[in-house]
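Data from structure_3.cif: mmCIF, C-alpha atoms and all ligand atoms
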```cif
data_target
#
loop_
_atom_site.label_atom_id
_atom_site.label_comp_id
_atom_site.auth_asym_id
_atom_site.auth_seq_id
_atom_site.Cartn_x
_atom_site.Cartn_y
_atom_site.Cartn_z
CA MET A 1 -58.12 -32.08 -6.74
CA ILE A 2 -58.35 -34.80 -4.13
CA ILE A 3 -56.49 -35.15 -0.86
CA GLU A 4 -55.72 -38.84 -0.63
CA THR A 5 -53.89 -38.74 2.68
CA LEU A 6 -53.77 -36.17 5.46
CA ARG A 7 -51.06 -36.45 8.10
CA LEU A 8 -50.50 -34.49 11.29
CA ARG A 9 -47.76 -34.63 13.87
CA ASP A 10 -47.86 -32.65 17.08
CA PHE A 11 -50.30 -30.31 15.44
CA ARG A 12 -52.74 -28.72 17.95
CA ASN A 13 -54.29 -31.60 19.93
CA TYR A 14 -53.13 -34.28 17.45
CA ALA A 15 -50.03 -36.23 18.41
CA GLN A 16 -49.67 -38.53 15.43
CA PHE A 17 -52.53 -38.84 12.98
CA GLU A 18 -53.19 -40.08 9.50
CA MET A 19 -56.41 -40.33 7.54
CA LYS A 20 -57.35 -41.26 4.02
CA PRO A 21 -60.30 -38.98 3.35
CA HIS A 22 -63.24 -39.70 1.10
CA PRO A 23 -63.11 -38.01 -2.32
CA GLY A 24 -66.61 -36.64 -1.66
CA VAL A 25 -67.79 -35.12 1.59
CA ASN A 26 -66.00 -35.82 4.87
CA LEU A 27 -68.25 -34.94 7.73
CA LEU A 28 -66.44 -34.35 11.01
CA PHE A 29 -68.67 -34.14 14.00
CA GLY A 30 -68.17 -34.19 17.73
CA GLN A 31 -68.31 -32.02 20.79
CA ASN A 32 -66.96 -28.51 21.05
CA GLY A 33 -63.22 -28.38 21.50
CA SER A 34 -62.61 -31.94 20.27
CA GLY A 35 -60.34 -31.08 17.32
CA LYS A 36 -62.56 -30.75 14.25
CA THR A 37 -61.42 -27.30 13.15
CA ASN A 38 -57.82 -28.32 13.84
CA LEU A 39 -58.02 -30.78 10.94
CA LEU A 40 -59.32 -28.12 8.56
CA GLU A 41 -56.63 -25.77 9.77
CA ALA A 42 -53.99 -28.37 8.87
CA VAL A 43 -55.31 -28.56 5.30
CA HIS A 44 -55.27 -24.75 5.15
CA TYR A 45 -51.63 -24.82 6.26
CA CYS A 46 -50.76 -27.25 3.47
CA ALA A 47 -52.41 -24.94 0.93
CA LEU A 48 -51.23 -21.56 2.14
CA GLY A 49 -48.52 -22.12 4.72
CA ARG A 50 -50.58 -20.40 7.36
CA SER A 51 -53.57 -20.78 9.60
CA HIS A 52 -56.94 -19.28 8.77
CA ARG A 53 -57.39 -18.21 12.37
CA THR A 54 -54.05 -17.19 13.79
CA ALA A 55 -50.93 -15.47 12.56
CA GLN A 56 -48.89 -17.16 15.29
CA ASP A 57 -47.45 -20.47 14.12
CA MET A 58 -46.42 -21.20 17.71
CA GLU A 59 -50.06 -21.71 18.66
CA VAL A 60 -50.47 -24.78 16.48
CA VAL A 61 -47.52 -26.67 17.95
CA ARG A 62 -48.93 -29.24 20.35
CA LYS A 63 -48.44 -28.27 23.97
CA GLY A 64 -45.21 -29.85 25.16
CA ALA A 65 -43.84 -30.50 21.64
CA GLU A 66 -41.12 -28.50 19.90
CA ALA A 67 -42.30 -28.71 16.33
CA ALA A 68 -45.48 -29.41 14.42
CA ALA A 69 -45.92 -30.96 11.01
CA CYS A 70 -48.76 -31.48 8.63
CA GLY A 71 -48.88 -32.91 5.15
CA VAL A 72 -51.09 -34.15 2.37
CA THR A 73 -50.82 -36.42 -0.60
CA VAL A 74 -52.82 -34.70 -3.27
CA LYS A 75 -54.01 -36.06 -6.58
CA THR A 76 -54.63 -33.80 -9.56
CA ALA A 77 -54.95 -34.35 -13.31
CA GLY A 78 -51.19 -33.78 -13.44
CA GLY A 79 -50.37 -36.62 -11.04
CA THR A 80 -49.82 -37.16 -7.35
CA ARG A 81 -47.84 -34.85 -5.08
CA GLU A 82 -46.74 -35.06 -1.50
CA ILE A 83 -46.76 -31.73 0.27
CA ALA A 84 -45.60 -31.27 3.84
CA LEU A 85 -44.91 -28.39 6.14
CA ARG A 86 -42.81 -28.41 9.28
CA LEU A 87 -43.16 -25.64 11.83
CA THR A 88 -40.43 -25.03 14.34
CA PRO A 89 -41.25 -21.66 15.89
CA GLY A 90 -38.32 -19.98 17.52
CA GLU A 91 -35.80 -21.28 14.99
CA GLY A 92 -34.45 -19.03 12.26
CA LYS A 93 -36.30 -20.42 9.28
CA HIS A 94 -39.24 -21.77 11.15
CA LYS A 95 -41.42 -22.90 8.24
CA GLN A 96 -40.04 -25.63 6.08
CA VAL A 97 -41.81 -26.85 2.98
CA PHE A 98 -41.33 -30.30 1.49
CA VAL A 99 -42.52 -31.19 -1.98
CA ASP A 100 -42.34 -34.88 -2.77
CA ARG A 101 -40.17 -35.30 0.33
CA LYS A 102 -37.56 -32.85 -0.91
CA ARG A 103 -37.05 -29.70 1.03
CA ALA A 104 -38.05 -26.63 -0.99
CA ALA A 105 -36.00 -23.48 -0.67
CA ARG A 106 -38.97 -21.14 -0.49
CA LEU A 107 -42.43 -21.01 1.00
CA ALA A 108 -43.64 -19.96 -2.45
CA SER A 109 -43.08 -23.54 -3.63
CA LEU A 110 -46.15 -24.45 -1.64
CA MET A 111 -48.47 -22.08 -3.49
CA GLY A 112 -50.81 -23.64 -5.98
CA GLN A 113 -49.98 -27.21 -4.97
CA VAL A 114 -53.12 -27.54 -2.89
CA GLN A 115 -56.08 -25.28 -3.62
CA CYS A 116 -58.59 -24.78 -0.85
CA VAL A 117 -61.54 -22.54 -0.18
CA MET A 118 -62.48 -22.09 3.45
CA PHE A 119 -65.92 -21.11 4.73
CA SER A 120 -66.06 -20.26 8.41
CA PRO A 121 -68.18 -18.13 10.74
CA GLU A 122 -65.28 -15.67 11.02
CA ASP A 123 -65.71 -14.89 7.32
CA LEU A 124 -68.38 -12.35 8.24
CA GLN A 125 -65.43 -10.20 9.29
CA LEU A 126 -64.70 -9.87 5.61
CA ILE A 127 -67.45 -7.29 5.48
CA LYS A 128 -67.73 -6.17 9.08
CA GLU A 129 -64.06 -5.51 9.78
CA GLY A 130 -61.43 -3.30 8.22
CA PRO A 131 -59.67 -3.39 4.83
CA SER A 132 -56.91 -5.74 6.01
CA GLU A 133 -59.37 -8.68 6.18
CA ARG A 134 -60.50 -8.02 2.61
CA ARG A 135 -56.96 -7.60 1.32
CA ALA A 136 -55.95 -10.82 3.07
CA PHE A 137 -58.80 -12.64 1.35
CA LEU A 138 -57.81 -11.34 -2.07
CA ASP A 139 -54.12 -11.97 -1.45
CA MET A 140 -54.69 -15.54 -0.26
CA MET A 141 -56.88 -16.31 -3.22
CA LEU A 142 -54.33 -14.92 -5.66
CA SER A 143 -51.34 -16.51 -3.93
CA GLN A 144 -52.93 -19.92 -4.32
CA LEU A 145 -53.40 -19.27 -8.00
CA SER A 146 -50.00 -17.80 -8.70
CA PRO A 147 -46.75 -18.35 -6.81
CA SER A 148 -45.32 -15.26 -8.57
CA TYR A 149 -48.06 -13.12 -6.99
CA PHE A 150 -47.09 -14.52 -3.59
CA VAL A 151 -43.44 -13.74 -4.24
CA ALA A 152 -44.29 -10.15 -5.28
CA LEU A 153 -46.33 -9.80 -2.11
CA GLN A 154 -43.46 -11.05 0.05
CA GLN A 155 -41.05 -8.64 -1.66
CA TYR A 156 -43.47 -5.78 -1.21
CA ARG A 157 -43.96 -6.51 2.50
CA LYS A 158 -40.25 -6.82 3.13
CA ALA A 159 -39.48 -3.50 1.46
CA LEU A 160 -42.44 -1.85 3.22
CA ASP A 161 -41.24 -3.10 6.61
CA GLN A 162 -37.83 -1.63 5.90
CA ARG A 163 -39.25 1.70 4.78
CA ASN A 164 -41.43 1.80 7.90
CA ALA A 165 -38.47 1.03 10.14
CA ILE A 166 -36.59 3.98 8.63
CA LEU A 167 -39.60 6.26 9.07
CA ARG A 168 -39.99 5.25 12.71
CA ASP A 169 -36.32 5.82 13.47
CA CYS A 170 -36.13 9.14 11.68
CA ARG A 171 -39.23 10.38 13.43
CA ARG A 172 -37.94 9.29 16.81
CA PHE A 173 -34.53 10.87 16.46
CA GLY A 174 -35.66 13.85 14.36
CA ARG A 175 -33.42 12.82 11.46
CA PRO A 176 -34.01 13.40 7.73
CA LEU A 177 -34.73 10.36 5.56
CA PRO A 178 -31.54 8.63 4.35
CA ALA A 179 -30.88 8.03 0.66
CA MET A 180 -31.61 4.31 0.94
CA THR A 181 -35.29 5.12 1.49
CA GLU A 182 -35.45 5.42 -2.28
CA ASP A 183 -34.11 1.86 -2.72
CA PHE A 184 -36.94 0.43 -0.66
CA GLU A 185 -39.47 2.58 -2.48
CA ARG A 186 -38.19 1.23 -5.79
CA GLN A 187 -38.54 -2.33 -4.52
CA MET A 188 -42.08 -1.59 -3.37
CA ALA A 189 -42.92 -0.01 -6.73
CA ARG A 190 -41.57 -2.99 -8.67
CA ALA A 191 -43.57 -5.45 -6.60
CA ALA A 192 -46.65 -3.22 -6.77
CA SER A 193 -46.54 -3.24 -10.56
CA ALA A 194 -47.31 -6.98 -10.37
CA ILE A 195 -49.70 -6.81 -7.43
CA LEU A 196 -52.01 -3.95 -8.38
CA PRO A 197 -53.24 -5.06 -11.84
CA THR A 198 -53.66 -8.65 -10.62
CA ARG A 199 -55.81 -7.49 -7.74
CA ARG A 200 -57.90 -5.25 -9.95
CA LYS A 201 -58.62 -7.96 -12.50
CA ALA A 202 -59.44 -10.48 -9.76
CA ALA A 203 -61.80 -8.02 -8.07
CA GLU A 204 -63.67 -7.45 -11.33
CA ARG A 205 -64.01 -11.15 -11.94
CA LEU A 206 -65.07 -11.81 -8.35
CA GLU A 207 -67.69 -9.10 -8.59
CA ARG A 208 -69.20 -10.49 -11.75
CA ILE A 209 -69.52 -14.04 -10.46
CA ALA A 210 -70.42 -13.14 -6.86
CA ALA A 211 -73.23 -10.84 -8.05
CA GLU A 212 -74.75 -13.74 -10.00
CA LYS A 213 -74.45 -16.05 -6.99
CA TYR A 214 -75.98 -13.44 -4.71
CA ALA A 215 -78.97 -12.96 -7.00
CA ALA A 216 -79.46 -16.72 -7.26
CA ILE A 217 -79.24 -17.32 -3.49
CA SER A 218 -81.34 -14.38 -2.38
CA GLY A 219 -83.77 -14.58 -5.29
CA LYS A 220 -83.75 -10.78 -5.27
CA THR A 221 -82.33 -9.33 -8.43
CA ALA A 222 -82.95 -5.80 -7.15
CA GLU A 223 -80.40 -6.37 -4.36
CA ALA A 224 -77.35 -6.06 -6.57
CA LEU A 225 -74.11 -7.07 -4.86
CA GLY A 226 -71.08 -5.03 -5.85
CA LEU A 227 -67.39 -5.36 -5.09
CA ARG A 228 -65.65 -2.10 -5.62
CA TYR A 229 -61.89 -2.26 -5.76
CA GLN A 230 -60.30 0.78 -4.12
CA PRO A 231 -56.95 1.19 -5.84
CA CYS A 232 -54.09 3.07 -4.22
CA LEU A 233 -53.26 4.52 -7.63
CA PRO A 234 -56.60 5.52 -9.17
CA GLU A 235 -54.79 7.35 -11.97
CA ALA A 236 -53.07 4.14 -13.11
CA ALA A 237 -55.91 1.77 -12.24
CA GLU A 238 -56.74 0.92 -15.82
CA THR A 239 -53.27 0.26 -17.13
CA GLU A 240 -51.39 -3.02 -17.18
CA ASP A 241 -48.14 -1.42 -18.23
CA ALA A 242 -45.78 -2.42 -15.42
CA GLN A 243 -43.38 0.46 -16.04
CA GLU A 244 -46.14 3.03 -15.97
CA ILE A 245 -47.44 1.62 -12.67
CA GLU A 246 -43.94 1.55 -11.24
CA ARG A 247 -43.35 5.19 -12.18
CA ALA A 248 -46.69 6.37 -10.81
CA PHE A 249 -46.17 4.38 -7.63
CA LEU A 250 -42.72 5.78 -7.02
CA LYS A 251 -43.95 9.31 -7.60
CA ALA A 252 -46.79 8.86 -5.11
CA CYS A 253 -44.40 7.32 -2.58
CA ARG A 254 -42.07 10.30 -2.83
CA SER A 255 -44.91 12.78 -2.46
CA ALA A 256 -46.04 10.98 0.69
CA ARG A 257 -42.61 11.13 2.34
CA GLU A 258 -43.17 14.29 4.35
CA GLU A 259 -46.49 13.12 5.71
CA ASP A 260 -45.09 9.62 6.34
CA LEU A 261 -42.19 11.01 8.30
CA ARG A 262 -44.62 12.92 10.50
CA ARG A 263 -46.66 9.74 11.08
CA GLY A 264 -43.73 7.35 11.28
CA THR A 265 -45.37 4.94 8.85
CA SER A 266 -46.17 4.50 5.15
CA SER A 267 -49.52 6.06 4.34
CA PHE A 268 -49.57 5.14 0.68
CA GLY A 269 -49.36 1.83 -1.14
CA ALA A 270 -50.73 -1.60 -1.92
CA HIS A 271 -51.13 -2.17 1.82
CA ARG A 272 -53.78 0.54 1.90
CA GLU A 273 -56.06 -0.81 -0.80
CA ASP A 274 -59.55 -2.07 -0.12
CA LEU A 275 -62.34 -4.03 -1.68
CA LEU A 276 -65.67 -2.45 -0.79
CA PHE A 277 -68.75 -4.61 -0.57
CA THR A 278 -71.82 -2.73 -1.74
CA LEU A 279 -75.48 -3.59 -1.96
CA MET A 280 -77.57 -1.48 -4.29
CA GLY A 281 -74.63 0.88 -4.47
CA ARG A 282 -74.34 1.43 -0.70
CA GLU A 283 -71.53 0.21 1.50
CA MET A 284 -72.65 -3.04 3.13
CA LYS A 285 -70.64 -2.61 6.29
CA LEU A 286 -72.71 0.42 7.19
CA PHE A 287 -76.22 -0.77 6.53
CA ALA A 288 -76.59 -4.43 5.48
CA SER A 289 -78.45 -6.95 7.65
CA GLN A 290 -76.79 -10.05 9.09
CA GLY A 291 -78.54 -12.22 6.51
CA GLN A 292 -77.43 -10.01 3.63
CA ILE A 293 -73.86 -10.05 4.89
CA ARG A 294 -73.93 -13.83 5.23
CA THR A 295 -75.25 -14.21 1.68
CA ALA A 296 -72.66 -11.81 0.30
CA VAL A 297 -69.80 -13.69 1.97
CA LEU A 298 -71.12 -17.02 0.77
CA SER A 299 -71.45 -15.62 -2.76
CA VAL A 300 -67.89 -14.35 -2.76
CA LYS A 301 -66.53 -17.69 -1.57
CA LEU A 302 -68.51 -19.53 -4.23
CA ALA A 303 -67.10 -17.09 -6.75
CA GLN A 304 -63.61 -17.85 -5.47
CA MET A 305 -64.29 -21.55 -6.03
CA GLU A 306 -65.35 -20.91 -9.58
CA ILE A 307 -62.32 -18.77 -10.35
CA ASP A 308 -60.03 -21.42 -8.82
CA ARG A 309 -61.67 -24.01 -10.99
CA GLU A 310 -61.36 -21.92 -14.17
CA GLU A 311 -57.76 -20.95 -13.52
CA SER A 312 -56.29 -24.23 -12.38
CA GLY A 313 -58.61 -26.65 -14.12
CA GLU A 314 -58.98 -28.35 -10.76
CA CYS A 315 -61.80 -28.18 -8.29
CA PRO A 316 -60.47 -26.78 -5.00
CA VAL A 317 -60.85 -28.67 -1.74
CA LEU A 318 -63.59 -27.10 0.33
CA LEU A 319 -63.31 -26.54 4.04
CA LEU A 320 -66.62 -25.74 5.69
CA ASP A 321 -66.17 -24.94 9.33
CA ASP A 322 -69.38 -24.76 11.35
CA VAL A 323 -71.26 -22.99 8.62
CA MET A 324 -74.08 -25.41 7.90
CA SER A 325 -76.01 -24.72 11.09
CA GLU A 326 -75.82 -21.00 10.43
CA LEU A 327 -77.38 -21.17 6.99
CA ASP A 328 -81.08 -21.25 6.34
CA ARG A 329 -82.59 -23.76 3.94
CA PRO A 330 -82.19 -21.87 0.60
CA ARG A 331 -78.57 -21.00 1.37
CA ARG A 332 -77.80 -24.52 2.51
CA THR A 333 -79.37 -26.01 -0.62
CA HIS A 334 -77.29 -23.68 -2.73
CA LEU A 335 -74.10 -24.54 -0.99
CA LEU A 336 -74.79 -28.27 -1.20
CA ARG A 337 -75.45 -27.95 -4.91
CA GLU A 338 -72.20 -26.09 -5.43
CA ILE A 339 -70.09 -28.55 -3.47
CA THR A 340 -71.12 -31.45 -5.65
CA GLY A 341 -68.01 -32.84 -7.21
CA ALA A 342 -65.62 -31.11 -4.80
CA GLN A 343 -63.82 -32.92 -2.04
CA THR A 344 -65.17 -31.32 1.09
CA PHE A 345 -64.34 -31.34 4.78
CA VAL A 346 -67.28 -30.21 6.87
CA THR A 347 -67.36 -29.76 10.61
CA CYS A 348 -70.52 -29.65 12.65
CA THR A 349 -71.65 -30.56 16.13
CA ASP A 350 -74.70 -32.37 14.79
CA GLU A 351 -74.46 -35.01 12.12
CA SER A 352 -77.91 -34.17 10.77
CA ASP A 353 -76.66 -30.74 9.63
CA LEU A 354 -75.67 -32.37 6.40
CA ASP A 355 -78.80 -34.34 5.68
CA GLY A 356 -79.44 -34.37 1.96
CA CYS A 357 -75.84 -35.04 1.09
CA GLU A 358 -75.40 -38.65 -0.02
CA ASP A 359 -71.79 -39.03 -1.09
CA ARG A 360 -70.19 -38.73 2.29
CA ARG A 361 -68.16 -40.37 5.00
CA VAL A 362 -68.74 -39.59 8.63
CA TYR A 363 -66.04 -39.23 11.27
CA TYR A 364 -66.55 -38.78 14.95
CA VAL A 365 -63.94 -36.59 16.66
CA SER A 366 -63.45 -36.76 20.42
CA GLN A 367 -60.81 -35.81 22.93
CA SER A 368 -59.09 -38.31 25.21
CA ARG A 369 -58.48 -37.73 28.91
CA GLU A 370 -54.95 -36.68 28.01
CA GLY A 371 -56.38 -33.99 25.74
CA LEU A 372 -55.51 -35.72 22.48
CA ALA A 373 -57.88 -35.83 19.55
CA GLU A 374 -59.22 -39.17 18.43
CA VAL A 375 -60.97 -39.65 15.12
CA ARG A 376 -63.00 -42.65 14.16
CA GLU A 377 -65.13 -43.40 11.16
CA VAL A 378 -68.82 -43.97 11.83
CA ARG A 379 -70.25 -46.31 9.22
CA ALA A 380 -73.80 -46.11 7.92
CA GLY A 381 -76.26 -47.58 10.40
CA GLU A 382 -73.72 -47.55 13.21
CA ALA A 383 -74.79 -45.92 16.47
CA VAL A 384 -73.58 -42.41 17.13
CA PRO A 385 -71.20 -42.40 20.12
CA GLU A 386 -73.03 -41.88 23.39
CA GLU A 387 -71.21 -38.80 24.63
CA SER A 388 -72.20 -36.75 21.59
CA LEU A 389 -75.81 -37.06 22.73
CA GLU A 390 -75.11 -35.43 26.08
CA GLU A 391 -76.64 -32.07 26.81
CA PRO A 392 -74.10 -29.33 27.50
CA ASP A 393 -73.60 -28.75 31.18
CA PHE A 394 -74.11 -25.10 32.07
CA SER A 395 -74.12 -25.60 35.84
N1 LIG B 401 -51.22 -26.09 20.66
C1 LIG B 401 -52.13 -26.94 21.16
N2 LIG B 401 -51.75 -28.05 21.83
C2 LIG B 401 -52.66 -28.92 22.35
N3 LIG B 401 -53.98 -28.74 22.23
C3 LIG B 401 -54.42 -27.66 21.57
C4 LIG B 401 -53.53 -26.70 21.00
N4 LIG B 401 -54.24 -25.72 20.42
C5 LIG B 401 -55.53 -26.04 20.61
N5 LIG B 401 -55.64 -27.20 21.31
C6 LIG B 401 -56.87 -27.89 21.72
O1 LIG B 401 -57.62 -28.16 20.55
C7 LIG B 401 -58.99 -28.12 20.92
C8 LIG B 401 -59.76 -27.22 19.98
O2 LIG B 401 -59.82 -27.82 18.76
P1 LIG B 401 -60.79 -27.30 17.63
O3 LIG B 401 -60.73 -25.84 17.53
O4 LIG B 401 -60.48 -28.12 16.45
O5 LIG B 401 -62.20 -27.73 18.27
P2 LIG B 401 -63.55 -28.01 17.49
O6 LIG B 401 -63.79 -29.47 17.54
O7 LIG B 401 -63.55 -27.36 16.18
O8 LIG B 401 -64.58 -27.30 18.48
P3 LIG B 401 -65.87 -26.38 18.16
O9 LIG B 401 -66.98 -27.33 17.88
O10 LIG B 401 -66.06 -25.66 19.45
O11 LIG B 401 -65.53 -25.50 17.03
C9 LIG B 401 -59.12 -27.60 22.31
O12 LIG B 401 -59.38 -28.66 23.19
C10 LIG B 401 -57.75 -27.01 22.58
O13 LIG B 401 -57.37 -27.12 23.91
MG MG B 402 -64.42 -25.63 15.46
#
```

Output the structure of this file as structure tokens.
Amino acid sequence: MIIETLRLRDFRNYAQFEMKPHPGVNLLFGQNGSGKTNLLEAVHYCALGRSHRTAQDMEVVRKGAEAAACGVTVKTAGGTREIALRLTPGEGKHKQVFVDRKRAARLASLMGQVQCVMFSPEDLQLIKEGPSERRAFLDMMLSQLSPSYFVALQQYRKALDQRNAILRDCRRFGRPLPAMTEDFERQMARAASAILPTRRKAAERLERIAAEKYAAISGKTAEALGLRYQPCLPEAAETEDAQEIERAFLKACRSAREEDLRRGTSSFGAHREDLLFTLMGREMKLFASQGQIRTAVLSVKLAQMEIDREESGECPVLLLDDVMSELDRPRRTHLLREITGAQTFVTCTDESDLDGCEDRRVYYVSQSREGLAEVREVRAGEAVPEESLEEPDFS
């Protein structure tokens, strides 16, 4: 999969921007705060309809503008597609998707059109933080692969929000649960019957591939990486029978009602699942070193790439945000080997971070006095712009 054109309008510090990226590696370098990550974020939006670093769409609208837009022309074996997203926070339906210039009715139409895998320093949170980070990772990976998974997830969340609103109200006013609670539970159960088995199978596949990658990167076969899926319905974890899952889910939901009413929120469900990272059978979060965590995250992302490739038959676009300088030589070599053949966008503050990678185009990103990003290609042999050589001023 190749992004042939990337367009931004009033997106972060870009007013109007268009680039035709290289099919190999696109190296974006420049000073801190110039707008490098913003470009990667725009690609992420085109793939998943959301940022990798904020849940607030408002934040990406350029200061002073009312709406932001980003879009890509993407080439796959199946042909060329134009995907665009318009964000108008504050308006009713604030995310609009356009496929081949026609407005799509649902955000789900975006899923699978552009596949991307993002590597960023924040990824360490995948292991260090709580279950929601790990679920988000799994959900984003699966949504890109299957629009129907994304739809099930949306339905689940909507029904869950409604059930939670009822629980909050009933707790506050000391009322019993109304009959319609059951309707929302049924909707959750139906969606869960699609979500749970998909997550379980993906976790198994991720574990198998990530463990191989981990062993190859670390060179230590004794340090076995494990990914243990923590299902909300252990008793139905092995089945793929949707009706059986639905029944078991509904039963568990009903049994949790009393407790949920006391808490004012839903204590059971797909939103409580987790994916535990283990090393030699022990939970990584509790005892792994920084280096081990970094290797585990890298391994999981490489595994995601491989699964994307197997499932869609296309190589995903890779977004590497500030990761090169954080990797030591063996990890960097591994990553560079794996990105061969994939269109890649890499940000770094130093151009030499990507030495050893031949098939690349270099862009220098800077910020104008007005605070707008400017991107210019730096051709081989051309001098690096002066200001990038300046030492940071800590005075
Ligand atoms: N909504 C917005 N409107 C205008 N400018 C914005 C907006 N959001 C962020 N910016 C600007 O974008 C810049 C940050 O861009 P970005 O995160 O891409 O930097 P970067 O080049 O990746 O920097 P670093 O090397 O520190 O990671 C900042 O100057 C910030 O002020
Ligand atoms: Mg950045």

Expected selection as an MDAnalysis selection string for ligand LIG 401 (chain B) within 6 Å, all atoms listed in the file: chainID A and resid 12:13 31:38 59:63 349

Please identify every residue of chain A that has at least one atom no farther than 12 Å from an atom of ligand MG 402 (chain B), counting all atoms listed in the file, and for each give the shortest atom pair and the distance in Å to one decimal, arranged by chain then increasing number, as JSON lines.
```
{"residue": "A:Leu28", "atom": "CA", "partner": "B:MG402", "partner_atom": "MG", "distance": 10.0}
{"residue": "A:Phe29", "atom": "CA", "partner": "B:MG402", "partner_atom": "MG", "distance": 9.6}
{"residue": "A:Gly30", "atom": "CA", "partner": "B:MG402", "partner_atom": "MG", "distance": 9.6}
{"residue": "A:Gln31", "atom": "CA", "partner": "B:MG402", "partner_atom": "MG", "distance": 9.2}
{"residue": "A:Asn32", "atom": "CA", "partner": "B:MG402", "partner_atom": "MG", "distance": 6.8}
{"residue": "A:Gly33", "atom": "CA", "partner": "B:MG402", "partner_atom": "MG", "distance": 6.7}
{"residue": "A:Ser34", "atom": "CA", "partner": "B:MG402", "partner_atom": "MG", "distance": 8.1}
{"residue": "A:Gly35", "atom": "CA", "partner": "B:MG402", "partner_atom": "MG", "distance": 7.1}
{"residue": "A:Lys36", "atom": "CA", "partner": "B:MG402", "partner_atom": "MG", "distance": 5.6}
{"residue": "A:Thr37", "atom": "CA", "partner": "B:MG402", "partner_atom": "MG", "distance": 4.1}
{"residue": "A:Asn38", "atom": "CA", "partner": "B:MG402", "partner_atom": "MG", "distance": 7.3}
{"residue": "A:Leu39", "atom": "CA", "partner": "B:MG402", "partner_atom": "MG", "distance": 9.4}
{"residue": "A:Leu40", "atom": "CA", "partner": "B:MG402", "partner_atom": "MG", "distance": 8.9}
{"residue": "A:Glu41", "atom": "CA", "partner": "B:MG402", "partner_atom": "MG", "distance": 9.6}
{"residue": "A:His52", "atom": "CA", "partner": "B:MG402", "partner_atom": "MG", "distance": 11.9}
{"residue": "A:Arg53", "atom": "CA", "partner": "B:MG402", "partner_atom": "MG", "distance": 10.7}
{"residue": "A:Phe119", "atom": "CA", "partner": "B:MG402", "partner_atom": "MG", "distance": 11.7}
{"residue": "A:Ser120", "atom": "CA", "partner": "B:MG402", "partner_atom": "MG", "distance": 9.0}
{"residue": "A:Pro121", "atom": "CA", "partner": "B:MG402", "partner_atom": "MG", "distance": 9.6}
{"residue": "A:Glu122", "atom": "CA", "partner": "B:MG402", "partner_atom": "MG", "distance": 10.9}
{"residue": "A:Leu319", "atom": "CA", "partner": "B:MG402", "partner_atom": "MG", "distance": 11.5}
{"residue": "A:Leu320", "atom": "CA", "partner": "B:MG402", "partner_atom": "MG", "distance": 10.0}
{"residue": "A:Asp321", "atom": "CA", "partner": "B:MG402", "partner_atom": "MG", "distance": 6.4}
{"residue": "A:Asp322", "atom": "CA", "partner": "B:MG402", "partner_atom": "MG", "distance": 6.5}
{"residue": "A:Val323", "atom": "CA", "partner": "B:MG402", "partner_atom": "MG", "distance": 10.0}
{"residue": "A:Val346", "atom": "CA", "partner": "B:MG402", "partner_atom": "MG", "distance": 10.1}
{"residue": "A:Thr347", "atom": "CA", "partner": "B:MG402", "partner_atom": "MG", "distance": 7.0}
{"residue": "A:Cys348", "atom": "CA", "partner": "B:MG402", "partner_atom": "MG", "distance": 7.8}
{"residue": "A:Thr349", "atom": "CA", "partner": "B:MG402", "partner_atom": "MG", "distance": 8.8}
{"residue": "A:Val365", "atom": "CA", "partner": "B:MG402", "partner_atom": "MG", "distance": 11.0}
```

Neighbour list for A:Tyr149 as a PyMOL selection string, cut-off 7 Å, all atoms listed in the file, skip fewer than 5 positions in-chain: chain A and resi 142-143+195

Proximity to A:Arg134 - best of A:Cys357, A:Ala211, A:Val300, A:Leu318, all atoms listed in the file: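 Answer, going by the shortest atom-to-atom distance: A:Val300.
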
Write out as a short mmCIF file (atom, residue, chain, number, x, y, z; two decimals) with C-alpha atoms, keeping the file's coordinate frame each polymer residue whose atoms come within 8 Å of stretch 241-248 of chain A, counting all atoms listed in the file; drop sequence neighbours fewer than 6 positions from it.
```cif
data_model
loop_
_atom_site.label_atom_id
_atom_site.label_comp_id
_atom_site.auth_asym_id
_atom_site.auth_seq_id
_atom_site.Cartn_x
_atom_site.Cartn_y
_atom_site.Cartn_z
CA ARG A 186 -38.19 1.23 -5.79
CA ALA A 189 -42.92 -0.01 -6.73
CA ARG A 190 -41.57 -2.99 -8.67
CA ALA A 192 -46.65 -3.22 -6.77
CA SER A 193 -46.54 -3.24 -10.56
CA ALA A 194 -47.31 -6.98 -10.37
CA LEU A 233 -53.26 4.52 -7.63
#
```

Distance of atom CA of A:Cys315 from atom CA of A:Val25, expressed in Å to one decimal place: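 Between atom CA of A:Val25 and atom CA of A:Cys315 the gap works out to 13.5 Å.
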
Two-atom distance - atom CA of A:Ala105, atom CA of A:Lys93 (Å): 10.4 Å

Residue nearest A:Leu275 among A:Gln125, A:Ser51, A:Ser132, A:Ser352 (counting only C-alpha atoms): A:Ser132

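Going from atom CA of A:Met19 over to atom CA of A:Leu107, you cover 24.7 Å.
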
All residues 10 Å or closer to A:Glu223, only C-alpha atoms, same chain fewer than 4 positions away omitted, as a list of chain:residue names: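 Residues meeting the cut-off are A:Ala211, A:Tyr214, A:Ala215, A:Ser218, A:Gly219, A:Thr278, A:Leu279, A:Met280, A:Gly281, A:Gln292.
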
Option closest in space to A:Ala216, from A:Ala342, A:Ala203, A:Leu298, A:Ala191 [counting all atoms listed in the file]: A:Leu298

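Of the listed residues (A:Thr181, A:Lys201, A:Pro316, A:Gln16), A:Thr181 comes nearest to A:Leu250; the distances count only C-alpha atoms.
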
Residue nearest A:Arg272 - candidates A:Gln304, A:Gln230, A:Thr340, A:Thr295, atoms counted: all atoms listed in the file: A:Gln230
